[in-house]
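Okay, structure first, notes after.
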Amino acid sequence: MLYHVQIEITLKPTVMDAQGTTIERALHKLGHTSAANVRIGKFVTMELDAADPAEAQAAAEELCRELLANPIIEQFAVQVVDKEQVV
Amino acid sequence: MLYHVQIEITLKPTVMDAQGTTIERALHKLGHTSAANVRIGKFVTMELDAADPAEAQAAAEELCRELLANPIIEQFAVQVVDKEQVV
Amino acid sequence: MKFGVVVFPGSNCDADCHYAAGNVTGQEVRYVWHEERDLSDLDCVIVPGGFSYGDYLRCGAVARFSPVMEAVVTHAAEGKYVVGICNGFQVLTEAGLLPGALYRNDHLQFVCQPQHLRVEAIDTPFTHFYKPAQVVEFPIAHGEGRYYADPDTLAALEANGQVIFRYCTPAGESTAEANPNGSLNNIAGICNETRNVLGLMPHPERRCDRLVGGTDGKKLFKGIVESMMVRAISMGHR
Amino acid sequence: MATQTSQLDVARELGMNEQEYANVLKILGREPTGTELAMYSVEWSEHCGYPRSRPLLKLFPKTGKYPTRAEGEDAGGFALTDELYVIFKMESHNHPSQVEPKQGAATGIGGILRDIFTMGARPVALLDSLRFGDLDSDIGKHLLAGVVDGIQFYGNCVGVPTVGGEIYFHPSYRDNCLVNVMAVGIADTALLATSKGKGPGNPVLVVGNRTGRDGIGGCSILASHEFSEDDEKRPTVQIGDPFTEKCLIEACMEVLQGDAIVGIKDMGAAGITCTTAEMAAAGGVGMDIDLAKVPMREEGMEPWEIMMSESQERMLVVVQQGREQEVIDIFEKWNLNAAIVGAVVEEQVLRIRFHGEIVAEVPSLSLAESPIYYLPAEEPAWLAKVHATDLTVPPPTDLNTVLLRLLSSPNIASKRWAFRQYDHMVQTNTVVPPGAGDAAVIRVKGTDKGLGMTTDCNSRYCYLDPYVGAQIAVAEAARNLVCVGADPAAVTDCLNFGKPEKPDRFWQLKRAVEGIADACRAFNVPVVSGNVSLYNEGPDAAIFPTPTIGMVGVLAHVEAHATLAFTAGQIVALVGETRAEMGGSEYLAVEHGLEAGYPPSLELPRELAVQNFVLAAIQQGLLTTAHDCSEGGLAVTLAESALAGGVGVQANLPAVDGRMDTALFAESQSRIVVAFAPAQQAALTALAAELGVPFTILGATGGEHIRLTVAEAPAIDLPVTTAADAFTGAIAAALAE
Ligand SMILES: Nc1ncnc2c1ncn2[C@@H]1O[C@H](COP(=O)(O)OP(=O)(O)O)[C@@H](O)[C@H]1O
Ligand SMILES: [Mg+2]
């Protein structure tokens, strides 16, 4: 089965996010003063072949640990969506 | 009300994603040969003050159009989560 | 004595390191293609700057899986020397040869400029020709050179004297203004616990010629050669 | 089957006129297919075929004091030594950058680099000449930030130092920014490659990135039509992949070491169409290509889309029969695609197949030989009024404030904000980095020579008089080279103008080309390459005519070079003379909003004498500090040298017409400020007398103030630090607002 996998990689809360801070400042300047706590990360999507969603989830988490995220500064969250469900 | 907003910004499907292609090739080399269609985008989270979820959604989409996404090559998807629901 | 300069797809300071190491020391230098696995002929491996694999996803993230990196790990475990410069430093942290991580400069811009550094430790095979706390000028050229390590790691680095270069003013003060990228503790370069692996963001190979800016980097390459010779003699005597 | 009228409509949609369509009918003897129409439309467009500007370009001298060769290739150059050949070229990426500044500029860099390494030259330097609307407008900031980001994104990754350039701001570029990028490479003369696709039977390969729908019709449509508010029609922009480009550079350098390659050409506008047509035409052969074999990124691409795609980082390569595998192996080693897509054929026809069907079959020469149009030129009616404008202004009361305003005017202010983001040191050859001299200098490893390089154009002068303005652009470029100790060797140019069908615009183009040609002859330098970008217009008006000049010079001994920085204890002198010429000055524009009158005069013999003097003095080691007078005049020149050295200066300026502002801010040409150790004064004075060059001692360096007098009357007194703040911080501060 082909699964569609979505991975969110974000800086750990303890790591300063200069990009987020800069965007937040820009948003305030544009008048969007209520925007707070802006953080910028990466959004990785891919298709994975797996027997079931659980296997796809495990495989994706493995990829994150191995390559996609750097555990010293980043954390990740994986979501598996059935290929057919994707719009 | 404070809403937690998640924004996924991705390259439009027809736009070349050099990062995605390079990472896909790396994954294959590492033995993860089933990974396909790898694409890399941005993941933005923030808090927005709004009267209701619909207003938060509209505000976030406005931010994307104005600043966060480049409409010429990128597309975005916004999700609003009630602040309390966030883990 | 022989240097090797690793070439990943996307390395772009490989030729500069090759030229500097050879020119300054008169020793043999060869390129090491990233798919090589045998480094037994080399005494010092230089992992050069550039954008290995485009620095896509994260600097150094893909390069560290190249076959050569296994050999570099072995080379380091044998006590031989490894120097990672700029992107090379990033690769070494990704590979776990050096602690911590390097990420986006705090001002979000790539920055290329001459940069003053204080030599924090001279008890390494790389820096023993410098004077204690000597201020040198090596340029920097990076977009993701902000050093980060968790508090425990950072404390250990400082306690062990593993911080080798620190960004500073021309007068040698490590102020916030002298910090070009937001690195913790103004860290510009560190070594591993056994002090035979060095990583630094600034480019010593760009300061080996008066004509192109200065010669502060020469002592680093010369120092390595002397260390290699001493090491070879002591190994031979064993 | 399409009827004749509907095919004609398609042709019109593609930007062809009725006559061109009739020509196609005549050439083919039948109605063209859609793919064929698309092919003719791009190849005959101004962007690819130069049908409107080609007659003018013939005016440029092709030879000069350094030996040249390699006509008809992507880029030209000159012989530096018997073994080394310098290749360089400048190209515009204006319209793509206006739409998407980061990717537009990035792909501009990628394209100009491929023009260099496709000839077997390793790229050693990049320069960028940029023009935007007002810096205090949102669009101006957005475009500047995006373009600089694109240049750093691409240039830094490929490992080629960005060593110079210029940035100007003027409202005429508001809706049409200019992004002109120049690349310089050095080739082993024996290994120079060609783009001729010879040898029937030889396989044809597409190498590099996969082909997608990027910029289909993008470049040609964008480049051949005025901008309109019609956003819907925006074609897909091309995306740059510098990592692939870096691998492509290395693979090409490696493969060109051997002799398996017959010809190679980079894909730019109209990718496969342009390369197959031009390589076949240059080789006097044809090609038989199967598009189904092209590595593709997307499914379901139509043949015409594959033919037109402007996907970046691709090359077309003709390989000696039997040697294809070794070539493929090298590209694959660098993780690049390399696919055999067809072969060279004897018959001079370009035959394009797709899944067994022939989708195009046209005589190969017919595509490469675009029609020629001789367009009417007419001096614009408004020019007489501009010339007649009264330039009398009240004398300024506070000259310190005027100087500070000029130093922080974005056109004069330091461009460090930009070049700090560019790796200008990689390759460890940069002897004079950006900001340190009037031109950049790189050394050539393995020799004791160096290369100086610069880009220049004051488009306000060109607006006031395109002939004189273009001559000044050439003279200033040469002067900038001389100021670092380089002997001007050859020129590349980028002609940025408005819609050529409008006679006033075409007149500007014509006069500028004549000016460049005449000036180049006077300096004995050839134009070895260049690029034309027309249709640079906003909804209201055309841009200021902008014939950007890129020039490369030779330092026989790179040790003998100069920078613009004063050091303490030097004597300061002016080479040349100030005249009462205020027209076109930055002073009048900034202080009085006046852009009128005539540009400063240029007398080529006088200019040459000044340049010869300074060059000889630097070569003889008499001088290590020189800075040419340009925007802002003598006062700004002196201040810039003081700021670069972090040292003060006291100078007394000669009176001109009794007005202090003239003496301080006039932009008379053929002037260079020099500074030297007192011990050299006698030798320099003698040399100046021998060459008949005006040489006036102005004062000395030292202290912490910039103190200028005019005919001994106090004019300016500013702390160096105050001037530095105005000069250095202006651009970053404007962007942060
Ligand atoms: N876009 C740019 N990219 C790189 N360097 C630049 C750029 N713009 C200006 N520079 C550098 O800044 C310095 C000053 O430029 P400019 O003001 O045009 O000098 P000048 O008026 O003497 O020709 C030069 O060294 C030039 O190469
Ligand atoms: Mg200039």
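Convention: chains lettered A, B, ... in structure tokens order; per-chain residue numbering from 1; ligands numbered from 1 as shown.
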
As a PyMOL selection string, please: every protein or nucleic acid residue near ligand 1 (cut-off 8 Å, counting only C-alpha atoms and all ligand atoms). chain D and resi 127-130+148+162-167+411-416+418-419+422+433-440+454-456+476-477+480+627-631

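For chain D, the residues within 7 Å of chain C are Cys157, Gly159, Phe243, Lys246, Cys247, Trp334, Arg420, Gln421, Tyr422, Asp423, Val426, Gln427, Thr428, Asn429, Thr430 and Val431 of chain D, with only C-alpha atoms used to measure distance.
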
Which residue of B:Ala26, B:Met16, B:Leu2, B:Val38 approaches Leu67 in chain A most closely, using only C-alpha atoms: B:Ala26

Neighbouring residues of Asp82 in chain B were defined as those with any atom within 8 Å, considering only C-alpha atoms; residues of the same chain fewer than 6 positions away were excluded. Please report them as a list in words. Leu2, Tyr3, His4 and Pro53 of chain B

Selection above as a file: N, CA, C and O atoms, as an mmCIF file, in the first residue's frame:
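Okay, part_4.cif is ready:
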data_model
loop_
_atom_site.group_PDB
_atom_site.id
_atom_site.type_symbol
_atom_site.label_atom_id
_atom_site.label_comp_id
_atom_site.auth_asym_id
_atom_site.auth_seq_id
_atom_site.Cartn_x
_atom_site.Cartn_y
_atom_site.Cartn_z
ATOM 1 N N LEU B 2 -7.736 33.121 21.748
ATOM 2 C CA LEU B 2 -6.441 32.848 21.145
ATOM 3 C C LEU B 2 -6.520 31.531 20.381
ATOM 4 O O LEU B 2 -6.890 30.504 20.942
ATOM 5 N N TYR B 3 -6.179 31.584 19.100
ATOM 6 C CA TYR B 3 -6.190 30.348 18.316
ATOM 7 C C TYR B 3 -4.780 29.953 17.918
ATOM 8 O O TYR B 3 -3.938 30.815 17.637
ATOM 9 N N HIS B 4 -4.581 28.680 17.896
ATOM 10 C CA HIS B 4 -3.305 28.146 17.445
ATOM 11 C C HIS B 4 -3.451 27.820 15.956
ATOM 12 O O HIS B 4 -4.380 27.129 15.560
ATOM 13 N N PRO B 53 -13.056 30.713 15.116
ATOM 14 C CA PRO B 53 -12.119 29.993 14.238
ATOM 15 C C PRO B 53 -12.143 30.499 12.803
ATOM 16 O O PRO B 53 -11.093 30.598 12.161
#

Hey, what does DSSP flag as helix (DSSP H, G or I) within range 58-212 of chain C? Can you give it to me as an mmCIF file with N, CA, C and O atoms, in the first residue's frame?
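part-v2.cif, freshly written:
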data_model
loop_
_atom_site.group_PDB
_atom_site.id
_atom_site.type_symbol
_atom_site.label_atom_id
_atom_site.label_comp_id
_atom_site.auth_asym_id
_atom_site.auth_seq_id
_atom_site.Cartn_x
_atom_site.Cartn_y
_atom_site.Cartn_z
ATOM 1 N N ALA C 63 25.581 14.805 3.308
ATOM 2 C CA ALA C 63 26.986 14.453 3.106
ATOM 3 C C ALA C 63 27.468 13.442 4.127
ATOM 4 O O ALA C 63 28.290 12.581 3.819
ATOM 5 N N ARG C 64 26.941 13.517 5.334
ATOM 6 C CA ARG C 64 27.510 12.660 6.363
ATOM 7 C C ARG C 64 27.231 11.179 6.093
ATOM 8 O O ARG C 64 27.833 10.310 6.698
ATOM 9 N N PHE C 65 26.307 10.898 5.175
ATOM 10 C CA PHE C 65 26.047 9.508 4.813
ATOM 11 C C PHE C 65 26.938 9.014 3.680
ATOM 12 O O PHE C 65 26.837 7.865 3.275
ATOM 13 N N PRO C 67 29.964 7.399 1.761
ATOM 14 C CA PRO C 67 30.848 6.318 2.208
ATOM 15 C C PRO C 67 32.117 6.843 2.883
ATOM 16 O O PRO C 67 32.595 6.258 3.856
ATOM 17 N N VAL C 68 32.650 7.960 2.405
ATOM 18 C CA VAL C 68 33.913 8.433 2.945
ATOM 19 C C VAL C 68 33.796 8.775 4.428
ATOM 20 O O VAL C 68 34.784 8.703 5.163
ATOM 21 N N MET C 69 32.601 9.104 4.876
ATOM 22 C CA MET C 69 32.492 9.546 6.264
ATOM 23 C C MET C 69 32.753 8.420 7.252
ATOM 24 O O MET C 69 33.277 8.646 8.335
ATOM 25 N N GLU C 70 32.412 7.195 6.868
ATOM 26 C CA GLU C 70 32.749 6.063 7.726
ATOM 27 C C GLU C 70 34.255 5.977 7.893
ATOM 28 O O GLU C 70 34.777 5.773 8.983
ATOM 29 N N ALA C 71 34.950 6.174 6.774
ATOM 30 C CA ALA C 71 36.411 6.118 6.807
ATOM 31 C C ALA C 71 36.976 7.272 7.628
ATOM 32 O O ALA C 71 37.979 7.121 8.326
ATOM 33 N N VAL C 72 36.316 8.422 7.557
ATOM 34 C CA VAL C 72 36.794 9.572 8.333
ATOM 35 C C VAL C 72 36.628 9.286 9.828
ATOM 36 O O VAL C 72 37.504 9.615 10.642
ATOM 37 N N VAL C 73 35.524 8.648 10.176
ATOM 38 C CA VAL C 73 35.312 8.289 11.585
ATOM 39 C C VAL C 73 36.417 7.343 12.061
ATOM 40 O O VAL C 73 37.004 7.532 13.136
ATOM 41 N N THR C 74 36.737 6.371 11.250
ATOM 42 C CA THR C 74 37.808 5.431 11.604
ATOM 43 C C THR C 74 39.147 6.157 11.721
ATOM 44 O O THR C 74 39.904 5.958 12.672
ATOM 45 N N HIS C 75 39.413 7.005 10.744
ATOM 46 C CA HIS C 75 40.640 7.795 10.711
ATOM 47 C C HIS C 75 40.775 8.590 12.018
ATOM 48 O O HIS C 75 41.839 8.602 12.654
ATOM 49 N N ALA C 76 39.685 9.195 12.447
ATOM 50 C CA ALA C 76 39.714 9.979 13.684
ATOM 51 C C ALA C 76 39.910 9.075 14.886
ATOM 52 O O ALA C 76 40.668 9.401 15.815
ATOM 53 N N ALA C 77 39.257 7.915 14.875
ATOM 54 C CA ALA C 77 39.372 6.987 16.006
ATOM 55 C C ALA C 77 40.800 6.503 16.171
ATOM 56 O O ALA C 77 41.238 6.162 17.271
ATOM 57 N N ASN C 87 31.348 24.369 5.887
ATOM 58 C CA ASN C 87 30.461 23.238 5.617
ATOM 59 C C ASN C 87 31.059 21.946 6.176
ATOM 60 O O ASN C 87 30.332 21.065 6.636
ATOM 61 N N GLY C 88 32.377 21.849 6.172
ATOM 62 C CA GLY C 88 33.038 20.674 6.734
ATOM 63 C C GLY C 88 32.760 20.536 8.227
ATOM 64 O O GLY C 88 32.554 19.429 8.745
ATOM 65 N N PHE C 89 32.735 21.662 8.935
ATOM 66 C CA PHE C 89 32.384 21.671 10.364
ATOM 67 C C PHE C 89 30.952 21.157 10.523
ATOM 68 O O PHE C 89 30.657 20.314 11.374
ATOM 69 N N GLN C 90 30.061 21.640 9.662
ATOM 70 C CA GLN C 90 28.667 21.205 9.738
ATOM 71 C C GLN C 90 28.555 19.696 9.512
ATOM 72 O O GLN C 90 27.815 18.996 10.215
ATOM 73 N N VAL C 91 29.332 19.194 8.539
ATOM 74 C CA VAL C 91 29.301 17.756 8.259
ATOM 75 C C VAL C 91 29.790 16.979 9.487
ATOM 76 O O VAL C 91 29.201 15.962 9.868
ATOM 77 N N LEU C 92 30.850 17.465 10.119
ATOM 78 C CA LEU C 92 31.400 16.750 11.274
ATOM 79 C C LEU C 92 30.432 16.725 12.454
ATOM 80 O O LEU C 92 30.351 15.733 13.172
ATOM 81 N N THR C 93 29.677 17.811 12.647
ATOM 82 C CA THR C 93 28.686 17.777 13.736
ATOM 83 C C THR C 93 27.547 16.834 13.370
ATOM 84 O O THR C 93 27.085 16.058 14.197
ATOM 85 N N GLU C 94 27.117 16.865 12.115
ATOM 86 C CA GLU C 94 26.052 15.950 11.690
ATOM 87 C C GLU C 94 26.491 14.500 11.869
ATOM 88 O O GLU C 94 25.702 13.636 12.192
ATOM 89 N N PRO C 151 22.844 22.956 27.199
ATOM 90 C CA PRO C 151 23.641 23.554 28.278
ATOM 91 C C PRO C 151 24.707 22.617 28.843
ATOM 92 O O PRO C 151 25.830 23.047 29.118
ATOM 93 N N ASP C 152 24.387 21.340 29.001
ATOM 94 C CA ASP C 152 25.373 20.410 29.579
ATOM 95 C C ASP C 152 26.569 20.252 28.647
ATOM 96 O O ASP C 152 27.718 20.273 29.080
ATOM 97 N N THR C 153 26.253 20.072 27.372
ATOM 98 C CA THR C 153 27.330 19.894 26.396
ATOM 99 C C THR C 153 28.219 21.135 26.360
ATOM 100 O O THR C 153 29.447 21.040 26.328
ATOM 101 N N LEU C 154 27.552 22.280 26.382
ATOM 102 C CA LEU C 154 28.284 23.532 26.311
ATOM 103 C C LEU C 154 29.213 23.681 27.520
ATOM 104 O O LEU C 154 30.395 24.034 27.387
ATOM 105 N N ALA C 155 28.669 23.355 28.686
ATOM 106 C CA ALA C 155 29.478 23.459 29.900
ATOM 107 C C ALA C 155 30.679 22.531 29.811
ATOM 108 O O ALA C 155 31.814 22.895 30.175
ATOM 109 N N ALA C 156 30.441 21.325 29.293
ATOM 110 C CA ALA C 156 31.537 20.358 29.188
ATOM 111 C C ALA C 156 32.596 20.856 28.208
ATOM 112 O O ALA C 156 33.800 20.738 28.480
ATOM 113 N N LEU C 157 32.149 21.418 27.087
ATOM 114 C CA LEU C 157 33.095 21.954 26.091
ATOM 115 C C LEU C 157 34.000 23.003 26.722
ATOM 116 O O LEU C 157 35.221 22.994 26.541
ATOM 117 N N GLU C 158 33.373 23.893 27.467
ATOM 118 C CA GLU C 158 34.146 24.964 28.095
ATOM 119 C C GLU C 158 35.076 24.403 29.153
ATOM 120 O O GLU C 158 36.248 24.783 29.240
ATOM 121 N N ALA C 159 34.542 23.469 29.952
ATOM 122 C CA ALA C 159 35.347 22.913 31.043
ATOM 123 C C ALA C 159 36.567 22.167 30.514
ATOM 124 O O ALA C 159 37.662 22.249 31.078
ATOM 125 N N LEU C 184 26.398 30.486 20.360
ATOM 126 C CA LEU C 184 26.487 30.470 21.814
ATOM 127 C C LEU C 184 27.933 30.711 22.224
ATOM 128 O O LEU C 184 28.865 30.169 21.614
ATOM 129 N N ASN C 185 28.121 31.509 23.241
ATOM 130 C CA ASN C 185 29.457 31.810 23.776
ATOM 131 C C ASN C 185 30.433 32.290 22.706
ATOM 132 O O ASN C 185 31.642 32.091 22.835
ATOM 133 N N ASN C 186 29.929 32.862 21.630
ATOM 134 C CA ASN C 186 30.778 33.355 20.524
ATOM 135 C C ASN C 186 31.645 32.247 19.913
ATOM 136 O O ASN C 186 32.730 32.514 19.385
ATOM 137 N N PRO C 204 40.496 29.375 7.449
ATOM 138 C CA PRO C 204 41.949 29.621 7.507
ATOM 139 C C PRO C 204 42.603 29.526 6.130
ATOM 140 O O PRO C 204 43.593 30.216 5.871
ATOM 141 N N GLU C 205 42.035 28.707 5.239
ATOM 142 C CA GLU C 205 42.661 28.544 3.921
ATOM 143 C C GLU C 205 42.552 29.815 3.094
ATOM 144 O O GLU C 205 43.232 29.953 2.078
ATOM 145 N N ARG C 206 41.716 30.757 3.513
ATOM 146 C CA ARG C 206 41.612 32.030 2.800
ATOM 147 C C ARG C 206 42.587 33.067 3.358
ATOM 148 O O ARG C 206 42.556 34.223 2.957
ATOM 149 N N ARG C 210 49.504 36.776 1.427
ATOM 150 C CA ARG C 210 49.424 38.217 1.641
ATOM 151 C C ARG C 210 48.582 38.881 0.559
ATOM 152 O O ARG C 210 47.796 39.778 0.826
ATOM 153 N N LEU C 211 48.751 38.415 -0.669
ATOM 154 C CA LEU C 211 48.082 39.045 -1.803
ATOM 155 C C LEU C 211 46.554 38.982 -1.692
ATOM 156 O O LEU C 211 45.857 39.865 -2.178
ATOM 157 N N VAL C 212 46.052 37.957 -1.084
ATOM 158 C CA VAL C 212 44.590 37.837 -0.985
ATOM 159 C C VAL C 212 44.094 37.992 0.447
ATOM 160 O O VAL C 212 43.112 37.371 0.843
#

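Residue nearest Ala77 in chain B, chosen from B:Thr21, B:Glu55, B:Ala35, B:Thr45 and counting only C-alpha atoms: B:Thr45.
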
Just checking: using only C-alpha atoms, which residue out of B:Met46, B:Leu68, B:Ala51, B:Ile73 ends up closest to Gln6 in chain B? B:Met46

Distance-based interface of chain A with chain B, 6 Å, counting only C-alpha atoms, as a ChimeraX atom specification: /A:34-49

Which neighbours of Ser601 in chain D fall inside 10 Å, counting only C-alpha atoms, when residues of the same chain fewer than 5 positions from it are skipped, and could you give them as a compact mmCIF listing (two decimals) with all heavy atoms, in the first residue's frame?
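Saved file result-v1.txt follows:
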# COMPACT_ATOMS: atom_id res chain seq x y z
N VAL D 468 26.73 60.30 -25.83
CA VAL D 468 27.75 60.68 -24.85
C VAL D 468 27.67 59.79 -23.61
O VAL D 468 28.69 59.34 -23.07
CB VAL D 468 27.60 62.17 -24.47
CG1 VAL D 468 28.55 62.53 -23.34
CG2 VAL D 468 27.85 63.05 -25.68
N GLY D 469 26.44 59.52 -23.18
CA GLY D 469 26.27 58.68 -21.99
C GLY D 469 26.89 57.31 -22.17
O GLY D 469 27.56 56.79 -21.26
N GLN D 471 29.29 56.54 -24.26
CA GLN D 471 30.74 56.72 -24.30
C GLN D 471 31.31 56.86 -22.89
O GLN D 471 32.36 56.30 -22.57
CB GLN D 471 31.09 57.97 -25.11
CG GLN D 471 30.93 57.78 -26.60
CD GLN D 471 31.79 58.76 -27.37
OE1 GLN D 471 31.92 59.92 -26.99
NE2 GLN D 471 32.38 58.30 -28.46
N ILE D 472 30.59 57.59 -22.06
CA ILE D 472 31.06 57.76 -20.68
C ILE D 472 31.04 56.42 -19.95
O ILE D 472 31.94 56.13 -19.16
CB ILE D 472 30.21 58.83 -19.95
CG1 ILE D 472 30.54 60.22 -20.50
CG2 ILE D 472 30.44 58.79 -18.44
CD1 ILE D 472 29.72 61.35 -19.90
N ARG D 579 35.34 70.95 -14.52
CA ARG D 579 34.75 72.00 -15.34
C ARG D 579 33.38 72.37 -14.79
O ARG D 579 32.82 71.64 -13.97
CB ARG D 579 34.57 71.52 -16.79
CG ARG D 579 35.89 71.18 -17.44
CD ARG D 579 35.65 70.64 -18.82
NE ARG D 579 36.93 70.41 -19.48
CZ ARG D 579 37.03 70.08 -20.76
NH1 ARG D 579 35.94 69.94 -21.50
NH2 ARG D 579 38.21 69.88 -21.30
N GLU D 581 30.34 71.82 -15.14
CA GLU D 581 29.38 70.92 -15.79
C GLU D 581 28.51 70.31 -14.71
O GLU D 581 28.95 69.41 -13.99
CB GLU D 581 30.13 69.80 -16.53
CG GLU D 581 31.03 70.31 -17.64
CD GLU D 581 31.93 69.22 -18.21
OE1 GLU D 581 32.51 68.43 -17.44
OE2 GLU D 581 32.05 69.14 -19.44
N GLY D 583 25.09 69.39 -15.36
CA GLY D 583 24.00 68.61 -15.95
C GLY D 583 24.13 67.13 -15.60
O GLY D 583 25.23 66.58 -15.64
N GLU D 667 30.40 66.65 -12.01
CA GLU D 667 30.81 65.29 -12.39
C GLU D 667 31.61 65.27 -13.68
O GLU D 667 31.45 64.36 -14.51
CB GLU D 667 29.58 64.37 -12.43
CG GLU D 667 28.94 64.23 -11.06
CD GLU D 667 27.69 63.38 -11.00
OE1 GLU D 667 27.37 62.72 -12.01
OE2 GLU D 667 27.04 63.39 -9.94
N SER D 668 32.47 66.25 -13.86
CA SER D 668 33.33 66.27 -15.04
C SER D 668 34.06 64.94 -15.17
O SER D 668 34.46 64.34 -14.18
CB SER D 668 34.38 67.38 -14.91
OG SER D 668 33.74 68.63 -14.96
N GLN D 669 34.22 64.53 -16.41
CA GLN D 669 34.86 63.24 -16.68
C GLN D 669 36.38 63.36 -16.62
O GLN D 669 36.93 64.44 -16.44
CB GLN D 669 34.41 62.73 -18.04
CG GLN D 669 32.94 62.39 -18.07
CD GLN D 669 32.58 61.32 -17.06
OE1 GLN D 669 33.03 60.20 -17.17
NE2 GLN D 669 31.77 61.66 -16.07
N SER D 670 37.03 62.24 -16.82
CA SER D 670 38.49 62.18 -16.96
C SER D 670 39.21 62.75 -15.74
O SER D 670 40.18 63.48 -15.87
CB SER D 670 38.93 62.93 -18.22
OG SER D 670 38.10 62.59 -19.31

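Within 12 Å of chain A, counting only C-alpha atoms, chain D contributes Asp138, Ala736 and Glu737 of chain D.
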
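Interatomic distance, CA of Phe331 in chain D against CA of Ile249 in chain D: 10.3 Å.
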